[in-house]
file my_file07.tsv (TSV, C-alpha atoms and all ligand atoms)
chain	number	residue	atom	x	y	z
A	11	MET	CA	-6.11	-5.52	-31.42
A	12	ASN	CA	-3.30	-6.27	-33.86
A	13	THR	CA	0.40	-5.68	-33.31
A	14	GLU	CA	0.50	-2.27	-35.01
A	15	GLU	CA	-2.52	-1.02	-33.06
A	16	THR	CA	-1.01	-2.05	-29.73
A	17	ILE	CA	2.33	-0.47	-30.57
A	18	GLY	CA	0.37	2.63	-31.58
A	19	LEU	CA	-1.02	2.86	-28.04
A	20	PHE	CA	2.51	2.77	-26.67
A	21	ASP	CA	3.70	5.45	-29.07
A	22	LYS	CA	0.90	7.72	-27.91
A	23	TYR	CA	0.38	6.87	-24.24
A	24	VAL	CA	3.29	4.92	-22.72
A	25	ILE	CA	6.49	6.70	-21.76
A	26	GLY	CA	9.21	5.50	-24.08
A	27	ASN	CA	11.87	4.58	-21.50
A	28	TYR	CA	12.50	1.09	-22.90
A	29	SER	CA	13.86	0.02	-26.24
A	30	ARG	CA	11.42	-2.72	-27.10
A	31	LEU	CA	11.45	-5.56	-29.61
A	32	ARG	CA	8.47	-5.06	-32.00
A	33	ARG	CA	6.41	-8.01	-30.80
A	34	VAL	CA	3.24	-8.02	-28.74
A	35	ILE	CA	3.24	-11.05	-26.44
A	36	VAL	CA	-0.15	-12.53	-25.67
A	37	ARG	CA	0.53	-15.87	-23.99
A	38	GLY	CA	3.33	-17.82	-22.33
A	39	GLU	CA	3.81	-21.51	-21.61
A	40	GLY	CA	6.99	-23.05	-20.23
A	41	CYS	CA	9.94	-22.11	-22.44
A	42	TYR	CA	7.71	-20.53	-25.09
A	43	CYS	CA	5.78	-17.35	-25.57
A	44	PHE	CA	3.35	-16.48	-28.33
A	45	ASP	CA	2.87	-13.15	-30.08
A	46	ALA	CA	-0.24	-11.42	-31.40
A	47	ASP	CA	0.58	-12.58	-34.94
A	48	GLY	CA	0.47	-16.22	-33.90
A	49	ASN	CA	4.24	-16.80	-33.78
A	50	LYS	CA	5.67	-19.24	-31.23
A	51	ILE	CA	8.90	-17.92	-29.75
A	52	LEU	CA	11.47	-20.12	-28.00
A	53	ASP	CA	12.23	-17.97	-24.95
A	54	MET	CA	15.76	-18.36	-23.60
A	55	PHE	CA	15.46	-15.20	-21.50
A	56	PRO	CA	11.97	-15.50	-20.05
A	57	GLY	CA	10.81	-12.36	-18.31
A	58	TRP	CA	14.36	-11.02	-17.92
A	59	ALA	CA	15.09	-13.77	-15.38
A	60	VAL	CA	11.70	-13.35	-13.67
A	61	SER	CA	10.02	-16.43	-15.16
A	62	GLY	CA	12.71	-18.64	-13.64
A	63	ILE	CA	10.64	-21.82	-13.79
A	64	GLY	CA	9.06	-20.90	-17.12
A	65	HIS	CA	6.04	-18.93	-18.22
A	66	CYS	CA	2.82	-19.66	-16.33
A	67	HIS	CA	4.11	-22.63	-14.35
A	68	PRO	CA	0.93	-24.64	-13.59
A	69	LYS	CA	1.71	-24.89	-9.86
A	70	VAL	CA	2.21	-21.14	-9.58
A	71	VAL	CA	-0.89	-20.40	-11.62
A	72	GLU	CA	-2.95	-22.72	-9.44
A	73	ALA	CA	-1.62	-21.16	-6.21
A	74	ILE	CA	-2.38	-17.64	-7.47
A	75	ARG	CA	-5.90	-18.61	-8.58
A	76	LYS	CA	-6.65	-20.18	-5.22
A	77	GLN	CA	-5.20	-17.26	-3.24
A	78	ALA	CA	-7.00	-14.68	-5.39
A	79	GLY	CA	-10.33	-16.26	-4.47
A	80	GLU	CA	-9.60	-16.01	-0.73
A	81	LEU	CA	-7.62	-12.84	-0.08
A	82	LEU	CA	-5.62	-10.66	-2.47
A	83	HIS	CA	-4.08	-8.13	-0.18
A	84	VAL	CA	-4.08	-7.16	3.40
A	85	ASP	CA	-1.73	-4.54	4.78
A	86	ASN	CA	1.15	-5.22	7.14
A	87	THR	CA	-0.89	-4.06	10.11
A	88	PHE	CA	-2.04	-7.70	10.20
A	89	TYR	CA	-0.38	-11.09	9.93
A	90	THR	CA	-0.85	-13.51	7.05
A	91	GLU	CA	0.19	-17.15	7.02
A	92	GLN	CA	1.62	-16.89	3.49
A	93	GLN	CA	4.22	-14.25	4.43
A	94	GLY	CA	5.33	-16.25	7.46
A	95	GLN	CA	5.58	-19.47	5.46
A	96	LEU	CA	7.59	-17.93	2.63
A	97	ALA	CA	10.01	-16.33	5.11
A	98	LYS	CA	10.47	-19.72	6.81
A	99	MET	CA	11.09	-21.49	3.49
A	100	LEU	CA	13.71	-18.91	2.46
A	101	SER	CA	15.43	-18.99	5.85
A	102	GLU	CA	15.70	-22.79	5.78
A	103	ARG	CA	17.25	-22.75	2.32
A	104	ALA	CA	19.64	-19.87	2.95
A	105	PHE	CA	21.70	-18.91	6.01
A	106	GLY	CA	18.89	-18.78	8.51
A	107	GLY	CA	17.89	-15.23	9.27
A	108	LYS	CA	14.71	-13.30	8.61
A	109	SER	CA	13.06	-11.64	5.63
A	110	PHE	CA	11.66	-8.20	4.86
A	111	PHE	CA	9.40	-8.31	1.80
A	112	CYS	CA	9.01	-5.65	-0.86
A	113	ASN	CA	8.15	-5.60	-4.55
A	114	SER	CA	11.32	-5.38	-6.60
A	115	GLY	CA	15.06	-5.84	-6.67
A	116	ALA	CA	15.79	-2.16	-6.27
A	117	GLU	CA	13.59	-2.00	-3.18
A	118	ALA	CA	15.29	-5.05	-1.69
A	119	ASN	CA	18.70	-3.42	-2.20
A	120	GLU	CA	17.42	-0.09	-0.89
A	121	ALA	CA	16.32	-1.90	2.29
A	122	ALA	CA	19.70	-3.63	2.54
A	123	LEU	CA	21.62	-0.36	2.30
A	124	LYS	CA	19.37	1.33	4.85
A	125	LEU	CA	19.70	-1.59	7.25
A	126	ALA	CA	23.50	-1.64	6.89
A	127	ARG	CA	23.70	2.03	7.89
A	128	LEU	CA	21.25	1.55	10.71
A	129	TYR	CA	23.28	-1.37	12.04
A	130	ALA	CA	26.61	0.42	11.66
A	131	GLY	CA	25.52	3.46	13.65
A	132	GLY	CA	27.03	6.94	13.23
A	133	GLY	CA	30.45	7.41	11.62
A	134	LYS	CA	30.34	4.22	9.60
A	135	TYR	CA	28.52	5.28	6.44
A	136	LYS	CA	30.43	4.21	3.34
A	137	PHE	CA	29.35	1.58	0.84
A	138	ILE	CA	31.77	-0.25	-1.42
A	139	THR	CA	30.35	-1.60	-4.69
A	140	ALA	CA	31.99	-3.08	-7.78
A	141	GLU	CA	32.45	-1.69	-11.27
A	142	GLY	CA	30.14	-3.37	-13.76
A	143	SER	CA	27.51	-3.94	-11.09
A	144	PHE	CA	23.78	-3.43	-11.39
A	145	HIS	CA	21.69	-2.88	-8.27
A	146	GLY	CA	18.61	-0.98	-9.48
A	147	ARG	CA	17.26	2.42	-10.51
A	148	THR	CA	16.25	4.20	-7.31
A	149	PHE	CA	18.64	6.95	-6.26
A	150	ALA	CA	20.49	4.81	-3.72
A	151	THR	CA	20.62	1.71	-5.92
A	152	VAL	CA	21.58	3.56	-9.09
A	153	THR	CA	24.37	5.15	-7.07
A	154	ALA	CA	25.40	1.67	-5.94
A	155	THR	CA	25.39	0.65	-9.62
A	156	ALA	CA	28.98	1.47	-10.55
A	157	GLN	CA	28.42	2.10	-14.26
A	158	PRO	CA	28.62	5.74	-15.43
A	159	LYS	CA	26.04	5.22	-18.21
A	160	TYR	CA	23.32	4.77	-15.59
A	161	HIS	CA	24.34	7.98	-13.78
A	162	GLU	CA	24.24	10.42	-16.70
A	163	GLY	CA	21.75	13.21	-16.14
A	164	PHE	CA	21.06	12.37	-12.49
A	165	LEU	CA	23.97	13.99	-10.65
A	166	PRO	CA	24.59	14.58	-7.83
A	167	LEU	CA	24.18	11.02	-6.61
A	168	LEU	CA	23.88	9.82	-3.02
A	169	PRO	CA	27.08	10.51	-1.06
A	170	GLY	CA	29.14	7.75	0.55
A	171	PHE	CA	29.69	5.26	-2.28
A	172	VAL	CA	33.13	3.98	-3.27
A	173	TYR	CA	33.65	1.93	-6.45
A	174	VAL	CA	36.28	-0.75	-6.92
A	175	PRO	CA	37.12	-2.99	-9.89
A	176	PHE	CA	35.29	-6.36	-9.66
A	177	ASN	CA	37.30	-9.39	-8.55
A	178	ASP	CA	40.27	-7.20	-7.51
A	179	ILE	CA	41.23	-8.04	-3.92
A	180	LYS	CA	44.05	-5.46	-3.73
A	181	ALA	CA	41.70	-2.64	-4.76
A	182	LEU	CA	39.18	-3.81	-2.20
A	183	GLU	CA	41.76	-3.77	0.57
A	184	SER	CA	42.89	-0.24	-0.28
A	185	ALA	CA	39.31	1.04	-0.45
A	186	PHE	CA	38.45	-0.44	2.95
A	187	SER	CA	38.45	1.65	6.12
A	188	ASP	CA	36.68	1.84	9.46
A	189	GLU	CA	34.12	4.13	7.82
A	190	VAL	CA	32.79	1.31	5.61
A	191	ALA	CA	29.28	0.21	6.61
A	192	ALA	CA	28.89	-2.43	3.91
A	193	VAL	CA	30.22	-4.04	0.76
A	194	MET	CA	27.56	-4.95	-1.80
A	195	VAL	CA	28.28	-7.19	-4.80
A	196	GLU	CA	26.58	-9.68	-7.09
A	197	PRO	CA	28.12	-13.19	-6.95
A	198	ILE	CA	27.68	-13.19	-10.73
A	199	GLN	CA	27.25	-9.78	-12.35
A	200	GLY	CA	24.18	-10.09	-14.57
A	201	GLU	CA	23.73	-6.80	-16.43
A	202	GLY	CA	27.50	-6.34	-16.33
A	203	GLY	CA	27.93	-9.35	-18.63
A	204	ILE	CA	27.77	-12.62	-16.61
A	205	ASN	CA	31.00	-11.90	-14.74
A	206	VAL	CA	31.51	-14.63	-12.17
A	207	ALA	CA	33.13	-13.67	-8.87
A	208	THR	CA	36.12	-15.73	-7.82
A	209	LYS	CA	35.90	-17.71	-4.62
A	210	GLU	CA	38.94	-15.82	-3.30
A	211	TYR	CA	37.24	-12.49	-3.96
A	212	LEU	CA	34.02	-13.29	-2.10
A	213	GLN	CA	36.01	-14.82	0.75
A	214	ALA	CA	38.21	-11.71	0.90
A	215	ILE	CA	35.08	-9.56	1.17
A	216	ARG	CA	33.88	-11.80	3.98
A	217	SER	CA	37.10	-11.59	5.99
A	218	LEU	CA	37.58	-7.83	5.45
A	219	CYS	CA	33.99	-7.22	6.56
A	220	ASP	CA	34.56	-9.37	9.65
A	221	GLU	CA	37.82	-7.63	10.44
A	222	LYS	CA	36.42	-4.09	10.07
A	223	GLY	CA	32.93	-4.70	11.42
A	224	ALA	CA	31.22	-4.07	8.07
A	225	VAL	CA	28.22	-5.87	6.59
A	226	MET	CA	28.51	-8.16	3.56
A	227	ILE	CA	25.55	-7.76	1.22
A	228	LEU	CA	25.06	-10.12	-1.70
A	229	ASP	CA	22.68	-8.98	-4.40
A	230	GLU	CA	21.14	-12.25	-5.60
A	231	VAL	CA	18.25	-10.57	-7.38
A	232	GLN	CA	19.31	-12.19	-10.66
A	233	THR	CA	21.35	-15.18	-9.45
A	234	GLY	CA	18.95	-16.37	-6.76
A	235	MET	CA	16.16	-18.96	-6.58
A	236	GLY	CA	17.93	-21.91	-8.12
A	237	ARG	CA	19.08	-20.66	-11.49
A	238	THR	CA	22.72	-21.57	-10.85
A	239	GLY	CA	21.88	-25.11	-9.71
A	240	LYS	CA	21.89	-24.17	-6.03
A	241	TRP	CA	19.24	-22.13	-4.28
A	242	PHE	CA	21.55	-19.14	-4.05
A	243	ALA	CA	24.74	-18.49	-6.00
A	244	TYR	CA	26.78	-17.80	-2.85
A	245	GLN	CA	26.40	-21.50	-2.00
A	246	HIS	CA	28.95	-22.25	-4.74
A	247	PHE	CA	31.62	-20.17	-3.01
A	248	ASP	CA	31.94	-21.33	0.61
A	249	VAL	CA	30.89	-17.97	2.03
A	250	GLU	CA	27.83	-16.63	3.74
A	251	PRO	CA	26.60	-13.03	3.49
A	252	ASP	CA	25.06	-11.03	6.34
A	253	ILE	CA	22.36	-9.72	4.04
A	254	MET	CA	21.05	-11.13	0.77
A	255	THR	CA	18.56	-9.59	-1.62
A	256	LEU	CA	16.15	-11.43	-3.89
A	257	ALA	CA	13.47	-10.52	-6.41
A	258	LYS	CA	13.13	-11.48	-10.11
A	259	ALA	CA	12.42	-15.26	-10.05
A	260	LEU	CA	11.14	-15.28	-6.46
A	261	GLY	CA	7.47	-14.88	-7.43
A	262	GLY	CA	7.53	-16.88	-10.68
A	263	GLY	CA	6.16	-13.83	-12.52
A	264	VAL	CA	4.48	-11.96	-9.69
A	265	ALA	CA	6.22	-8.82	-8.38
A	266	ILE	CA	7.99	-9.57	-5.11
A	267	GLY	CA	11.34	-8.74	-3.56
A	268	ALA	CA	12.97	-9.83	-0.32
A	269	MET	CA	15.83	-8.69	1.83
A	270	MET	CA	17.11	-11.45	4.08
A	271	ALA	CA	19.28	-10.57	7.05
A	272	LYS	CA	20.98	-12.43	9.84
A	273	GLU	CA	19.12	-12.24	13.12
A	274	GLU	CA	21.33	-9.63	14.81
A	275	LEU	CA	20.96	-7.22	11.87
A	276	ALA	CA	17.28	-7.99	11.39
A	277	ALA	CA	16.66	-7.00	15.00
A	278	LYS	CA	17.57	-3.37	14.15
A	279	LEU	CA	14.67	-2.96	11.75
A	280	VAL	CA	12.07	-2.04	14.35
A	281	PRO	CA	8.66	-0.45	13.59
A	282	GLY	CA	9.03	2.98	12.00
A	283	LYS	CA	12.40	2.34	10.36
A	284	HIS	CA	11.29	0.84	7.07
A	285	ALA	CA	8.13	-0.39	5.34
A	286	SER	CA	6.39	-1.24	2.09
A	287	THR	CA	2.64	-1.02	1.52
A	288	PHE	CA	2.44	-3.95	-0.88
A	289	GLY	CA	5.43	-5.79	0.56
A	290	GLY	CA	4.81	-9.48	1.20
A	291	ASN	CA	1.12	-9.48	0.43
A	292	CYS	CA	-0.55	-12.86	0.41
A	293	LEU	CA	-0.90	-13.12	-3.38
A	294	ALA	CA	2.82	-12.53	-3.99
A	295	CYS	CA	3.83	-14.80	-1.12
A	296	ALA	CA	1.50	-17.60	-2.28
A	297	ALA	CA	3.29	-17.39	-5.63
A	298	GLY	CA	6.70	-17.49	-3.93
A	299	ILE	CA	5.75	-20.56	-1.91
A	300	ALA	CA	4.53	-22.31	-5.08
A	301	VAL	CA	7.83	-21.50	-6.86
A	302	ILE	CA	9.88	-23.13	-4.10
A	303	GLU	CA	7.58	-26.15	-3.96
A	304	ALA	CA	7.70	-26.60	-7.75
A	305	ILE	CA	11.51	-26.41	-7.77
A	306	GLU	CA	11.70	-29.15	-5.13
A	307	GLU	CA	8.90	-31.39	-6.37
A	308	ASP	CA	10.26	-31.37	-9.93
A	309	SER	CA	14.00	-31.51	-9.00
A	310	LEU	CA	14.66	-28.31	-10.88
A	311	LEU	CA	17.92	-27.48	-9.06
A	312	GLU	CA	19.40	-30.65	-10.54
A	313	ASN	CA	17.91	-29.86	-13.94
A	314	ALA	CA	19.38	-26.34	-13.85
A	315	ALA	CA	22.84	-27.74	-13.08
A	316	ASN	CA	22.61	-30.48	-15.74
A	317	MET	CA	21.07	-28.34	-18.47
A	318	GLY	CA	23.53	-25.56	-17.69
A	319	ARG	CA	26.41	-27.97	-18.24
A	320	TYR	CA	24.82	-29.25	-21.44
A	321	ALA	CA	24.14	-25.77	-22.82
A	322	LYS	CA	27.71	-24.67	-22.14
A	323	GLU	CA	29.03	-27.78	-23.89
A	324	LYS	CA	26.90	-27.07	-26.97
A	325	LEU	CA	27.82	-23.40	-27.02
A	326	ASN	CA	31.50	-24.28	-26.72
A	327	GLU	CA	31.07	-26.39	-29.84
A	328	LEU	CA	29.75	-23.28	-31.59
A	329	LYS	CA	32.87	-21.46	-30.53
A	330	GLU	CA	34.92	-23.82	-32.68
A	331	LYS	CA	32.86	-22.81	-35.73
A	332	HIS	CA	32.40	-19.08	-35.30
A	333	PHE	CA	35.34	-16.73	-34.84
A	334	ILE	CA	33.10	-14.04	-33.29
A	335	ILE	CA	32.67	-16.12	-30.10
A	336	ASP	CA	35.50	-15.45	-27.69
A	337	HIS	CA	34.43	-17.71	-24.83
A	338	VAL	CA	31.46	-19.03	-22.84
A	339	ARG	CA	31.06	-18.35	-19.13
A	340	GLY	CA	28.57	-18.59	-16.26
A	341	ILE	CA	27.18	-21.04	-13.72
A	342	GLY	CA	24.14	-23.24	-14.26
A	343	LEU	CA	21.50	-21.53	-16.37
A	344	MET	CA	23.12	-18.12	-16.23
A	345	ILE	CA	25.19	-18.17	-19.38
A	346	GLY	CA	27.15	-15.51	-21.24
A	347	LEU	CA	28.70	-15.77	-24.68
A	348	GLN	CA	31.49	-13.24	-24.87
A	349	LEU	CA	31.65	-12.01	-28.45
A	350	LYS	CA	34.49	-10.17	-30.14
A	351	GLY	CA	32.00	-7.61	-31.49
A	352	PRO	CA	28.53	-6.17	-30.82
A	353	GLY	CA	25.65	-8.59	-30.20
A	354	LYS	CA	22.54	-6.47	-30.74
A	355	GLU	CA	22.04	-7.46	-34.37
A	356	ILE	CA	22.48	-11.15	-33.53
A	357	VAL	CA	19.71	-10.91	-30.93
A	358	GLU	CA	17.41	-9.30	-33.52
A	359	LYS	CA	18.20	-11.92	-36.15
A	360	CYS	CA	17.55	-14.71	-33.65
A	361	LEU	CA	14.13	-13.22	-32.92
A	362	GLU	CA	13.34	-13.21	-36.65
A	363	LYS	CA	13.86	-16.98	-36.36
A	364	GLU	CA	11.62	-17.08	-33.26
A	365	LEU	CA	14.37	-17.39	-30.64
A	366	ARG	CA	14.57	-14.88	-27.82
A	367	ILE	CA	17.96	-14.25	-26.23
A	368	ASN	CA	19.48	-11.08	-24.78
A	369	CYS	CA	22.61	-9.02	-25.25
A	370	THR	CA	24.19	-7.15	-22.36
A	371	ASN	CA	27.27	-4.99	-21.97
A	372	GLU	CA	27.35	-4.52	-25.80
A	373	SER	CA	29.07	-7.78	-26.64
A	374	VAL	CA	27.77	-10.51	-24.33
A	375	LEU	CA	24.93	-12.74	-25.53
A	376	ARG	CA	23.00	-13.72	-22.43
A	377	LEU	CA	20.96	-16.92	-22.13
A	378	MET	CA	19.00	-17.51	-18.95
A	379	PRO	CA	16.60	-20.33	-19.84
A	380	ALA	CA	13.90	-21.43	-17.43
A	381	MET	CA	14.89	-24.17	-14.98
A	382	ILE	CA	12.44	-26.57	-16.69
A	383	VAL	CA	14.37	-26.36	-19.98
A	384	THR	CA	15.04	-29.62	-21.88
A	385	LYS	CA	17.96	-30.76	-24.03
A	386	GLU	CA	15.76	-30.52	-27.12
A	387	GLU	CA	14.98	-26.88	-26.37
A	388	ILE	CA	18.65	-26.09	-25.83
A	389	ASP	CA	19.53	-27.88	-29.08
A	390	ALA	CA	16.91	-25.84	-30.93
A	391	ALA	CA	18.24	-22.59	-29.50
A	392	VAL	CA	21.87	-23.44	-30.29
A	393	ASP	CA	20.90	-24.39	-33.87
A	394	ILE	CA	19.25	-21.01	-34.42
A	395	ILE	CA	22.27	-19.13	-33.03
A	396	ASP	CA	24.49	-21.29	-35.24
A	397	ASN	CA	22.41	-20.44	-38.33
A	398	VAL	CA	22.32	-16.73	-37.54
A	399	LEU	CA	26.09	-16.58	-37.08
A	400	THR	CA	26.65	-18.52	-40.31
A	401	GLU	CA	24.26	-16.29	-42.28
A	402	SER	CA	25.95	-13.18	-40.89
A	403	GLY	CA	29.35	-14.50	-41.92
A	404	LYS	CA	30.57	-14.64	-38.35
B	1	LIG	C1	17.25	-6.63	-12.02
B	1	LIG	C2	18.23	-6.40	-10.93
B	1	LIG	C3	18.03	-5.45	-9.92
B	1	LIG	C4	16.85	-4.49	-9.95
B	1	LIG	O1	15.64	-5.14	-9.84
B	1	LIG	P1	14.26	-4.35	-10.17
B	1	LIG	O2	13.21	-5.35	-9.82
B	1	LIG	O3	14.29	-3.99	-11.61
B	1	LIG	O4	14.25	-3.16	-9.30
B	1	LIG	C5	18.96	-5.37	-8.91
B	1	LIG	N1	20.03	-6.16	-8.87
B	1	LIG	C6	20.26	-7.08	-9.82
B	1	LIG	C7	21.47	-7.95	-9.70
B	1	LIG	C8	19.39	-7.24	-10.89
B	1	LIG	O5	19.63	-8.13	-11.83

call {"tool": "encode", "arguments": {"input": "my_file07.tsv", "output": "structure tokens"}}
result
Amino acid sequence: MNTEETIGLFDKYVIGNYSRLRRVIVRGEGCYCFDADGNKILDMFPGWAVSGIGHCHPKVVEAIRKQAGELLHVDNTFYTEQQGQLAKMLSERAFGGKSFFCNSGAEANEAALKLARLYAGGGKYKFITAEGSFHGRTFATVTATAQPKYHEGFLPLLPGFVYVPFNDIKALESAFSDEVAAVMVEPIQGEGGINVATKEYLQAIRSLCDEKGAVMILDEVQTGMGRTGKWFAYQHFDVEPDIMTLAKALGGGVAIGAMMAKEELAAKLVPGKHASTFGGNCLACAAGIAVIEAIEEDSLLENAANMGRYAKEKLNELKEKHFIIDHVRGIGLMIGLQLKGPGKEIVEKCLEKELRINCTNESVLRLMPAMIVTKEEIDAAVDIIDNVLTESGK
């Protein structure tokens, strides 16, 4: 089937709830993907942060192939070694605690919000979230997402949510009360435009939660699994959450989400309180285990930190040449280029030159290369952005 024929199927049979780039992708390998017309695309935003160690990482592919031949799925009425192993590996690399597995970021956050209310007991029911956040599309998580554009057409939302400006400690203090069950934030806002939390802010959340008996939830769905150069972004900030949510890069391309909670919270989630049919099945968990092993065997945390530094250096050089770039921000391989104007057209022009990047919050170019990225690949990407900006007179 050629590109036009495939797009024709979508026009006729697939609900049009995404604005898609007009390419049909047929294969992926490392930092590249290939379209149905034979073009090789340098992918600096692989899988919207899902393909965190690159497309079709050989160790993940091998683990999936092996697992698929033995057992694909068994329900949570039974035990499987893979789920237990993945939970252990996450616990050892995070703050201890236990995992509940599901299939997406929204589901992980949904579980976190439910657990926070369960733990708080009656009376304590409010959730504080930050403006510019993104937590998912289910009713609870879209309510937690404090951006009006995601709410339009869906009112009334879930009661009990309070929104505060991000990184504003004063606002947080005034919004706090004994009725607050939890505060949920991203350590680096992804969809909101790569907005990095300050250390003081996350530490203020920690101490207010401790003082008022509320739960601190960090949404690491986008920041987690090594992208920032540490396993989890919170490890840059000298704080520890009570609950952390993961998804995107956790399965290396296979759908999986996790909510991790400290032991005393985890103990509240007894049989009957929450569940997921597919959650933590052995195929997804085998992929998750392979992702963690690949990151360690190939020293990808170090590479993410080094390549992140290098990419920021190169992009800062571009800033000197192009007035449209306001500044570069981010940690590790989670990089935002704040523009002084819209970025959509720049993303499209980059794709014409076979470079895939993303634009979020209208004017932030977002690069989230795979943790296996090399200097040469970063150089190639920066050159294309440079050319596009020059050709557009920016
Ligand atoms: C993508 C994302 C989600 C939602 O994940 P889904 O798998 O699409 O449900 C939640 N939080 C953050 C920070 C995300 O980036």

call {"tool": "closest_residue", "arguments": {"input": "my_file07.tsv", "among": "A:Val392, A:Val36, A:Val152, A:Leu228", "to": "Arg366 (chain A)", "atoms": "all atoms listed in the file"}}
result
A:Val392

call {"tool": "closest_atom_pairs", "arguments": {"input": "my_file07.tsv", "of": "chain A", "to": "ligand LIG 1 (chain B)", "cutoff": "10 Å", "atoms": "only C-alpha atoms and all ligand atoms", "output": "tab-separated table"}}
result
residue	atom	partner	partner_atom	distance
A:Trp58	CA	B:LIG1	C1	7.9
A:Ala59	CA	B:LIG1	O5	8.1
A:Val60	CA	B:LIG1	C1	8.9
A:Cys112	CA	B:LIG1	O2	9.9
A:Asn113	CA	B:LIG1	O2	7.3
A:Ser114	CA	B:LIG1	O2	3.7
A:Gly115	CA	B:LIG1	O1	3.3
A:Ala116	CA	B:LIG1	O4	3.5
A:Glu117	CA	B:LIG1	O4	6.3
A:Ala118	CA	B:LIG1	O4	7.9
A:Asn119	CA	B:LIG1	C5	7.0
A:Glu120	CA	B:LIG1	O4	9.5
A:Ser143	CA	B:LIG1	C7	7.4
A:Phe144	CA	B:LIG1	N1	5.3
A:His145	CA	B:LIG1	N1	3.7
A:Gly146	CA	B:LIG1	C4	4.0
A:Arg147	CA	B:LIG1	O4	6.5
A:Thr148	CA	B:LIG1	O4	7.9
A:Thr151	CA	B:LIG1	C5	7.9
A:Val152	CA	B:LIG1	C5	9.3
A:Ala154	CA	B:LIG1	N1	9.9
A:Thr155	CA	B:LIG1	N1	8.7
A:Val195	CA	B:LIG1	C7	8.4
A:Glu196	CA	B:LIG1	C7	6.0
A:Pro197	CA	B:LIG1	C7	8.9
A:Ile198	CA	B:LIG1	C7	8.2
A:Gln199	CA	B:LIG1	C7	6.6
A:Gly200	CA	B:LIG1	O5	5.7
A:Glu201	CA	B:LIG1	O5	6.3
A:Gly202	CA	B:LIG1	C7	9.1
A:Leu228	CA	B:LIG1	C7	9.0
A:Asp229	CA	B:LIG1	C7	5.5
A:Glu230	CA	B:LIG1	C7	6.0
A:Val231	CA	B:LIG1	C6	4.7
A:Gln232	CA	B:LIG1	O5	4.2
A:Thr233	CA	B:LIG1	C7	7.2
A:Gly234	CA	B:LIG1	C7	9.3
A:Thr255	CA	B:LIG1	N1	8.2
A:Leu256	CA	B:LIG1	N1	8.2
A:Ala257	CA	B:LIG1	O2	6.2
A:Lys258	CA	B:LIG1	O2	6.1
A:Ala259	CA	B:LIG1	O2	9.9
A:Ala265	CA	B:LIG1	O2	7.9
A:Ile266	CA	B:LIG1	O2	8.2
A:Gly267	CA	B:LIG1	O2	7.4

call {"tool": "closest_residue", "arguments": {"input": "my_file07.tsv", "among": "A:His284, A:Arg237, A:Lys50, A:Arg37", "to": "His65 (chain A)", "atoms": "all atoms listed in the file"}}
result
A:Arg37

call {"tool": "closest_residue", "arguments": {"input": "my_file07.tsv", "among": "A:Glu14, A:Glu364, A:Glu330, A:Asp178", "to": "Thr208 (chain A)", "atoms": "all atoms listed in the file"}}
result
A:Asp178

call {"tool": "residues_around", "arguments": {"input": "my_file07.tsv", "residues": "Glu358 (chain A)", "least_positions_apart": "6", "cutoff": "12 Å", "atoms": "all atoms listed in the file", "output": "PDB file with C-alpha atoms, in the coordinates of the input"}}
result
ATOM      1  CA  ARG A  30      11.420  -2.720 -27.100  1.00  0.00           C
ATOM      2  CA  LEU A  31      11.450  -5.560 -29.610  1.00  0.00           C
ATOM      3  CA  ARG A  32       8.470  -5.060 -32.000  1.00  0.00           C
ATOM      4  CA  ARG A  33       6.410  -8.010 -30.800  1.00  0.00           C
ATOM      5  CA  PRO A 352      28.530  -6.170 -30.820  1.00  0.00           C
ATOM      6  CA  GLU A 364      11.620 -17.080 -33.260  1.00  0.00           C
ATOM      7  CA  LEU A 365      14.370 -17.390 -30.640  1.00  0.00           C
ATOM      8  CA  ARG A 366      14.570 -14.880 -27.820  1.00  0.00           C
ATOM      9  CA  ILE A 367      17.960 -14.250 -26.230  1.00  0.00           C
ATOM     10  CA  ASN A 368      19.480 -11.080 -24.780  1.00  0.00           C
ATOM     11  CA  CYS A 369      22.610  -9.020 -25.250  1.00  0.00           C
ATOM     12  CA  LEU A 375      24.930 -12.740 -25.530  1.00  0.00           C
ATOM     13  CA  ILE A 394      19.250 -21.010 -34.420  1.00  0.00           C
ATOM     14  CA  ILE A 395      22.270 -19.130 -33.030  1.00  0.00           C
ATOM     15  CA  VAL A 398      22.320 -16.730 -37.540  1.00  0.00           C
ATOM     16  CA  LEU A 399      26.090 -16.580 -37.080  1.00  0.00           C
ATOM     17  CA  SER A 402      25.950 -13.180 -40.890  1.00  0.00           C
TER      18      SER A 402
END

call {"tool": "residues_around", "arguments": {"input": "my_file07.tsv", "residues": "Phe110 (chain A)", "least_positions_apart": "4", "cutoff": "7 Å", "atoms": "only C-alpha atoms", "output": "VMD selection string"}}
result
chain A and resid 268 to 270

call {"tool": "write_last_selection", "arguments": {"input": "my_file07.tsv", "atoms": "C-alpha atoms", "output": "CSV table (one decimal), in the coordinates of the input"}}
result
chain,number,residue,atom,x,y,z
A,268,ALA,CA,13.0,-9.8,-0.3
A,269,MET,CA,15.8,-8.7,1.8
A,270,MET,CA,17.1,-11.4,4.1

call {"tool": "residues_around", "arguments": {"input": "my_file07.tsv", "residues": "Asp389 (chain A)", "least_positions_apart": "6", "cutoff": "12 Å", "atoms": "only C-alpha atoms", "output": "PyMOL selection string"}}
result
chain A and resi 52+54+317+320-325+327-328+365+383+395-396

call {"tool": "atom_distance", "arguments": {"input": "my_file07.tsv", "atom1": "CA of Asp252 (chain A)", "atom2": "CA of Met226 (chain A)"}}
result
5.3 Å

call {"tool": "closest_residue", "arguments": {"input": "my_file07.tsv", "among": "A:Asn313, A:Ser187, A:Ser217, A:Asn49", "to": "Ile138 (chain A)", "atoms": "only C-alpha atoms"}}
result
A:Ser187
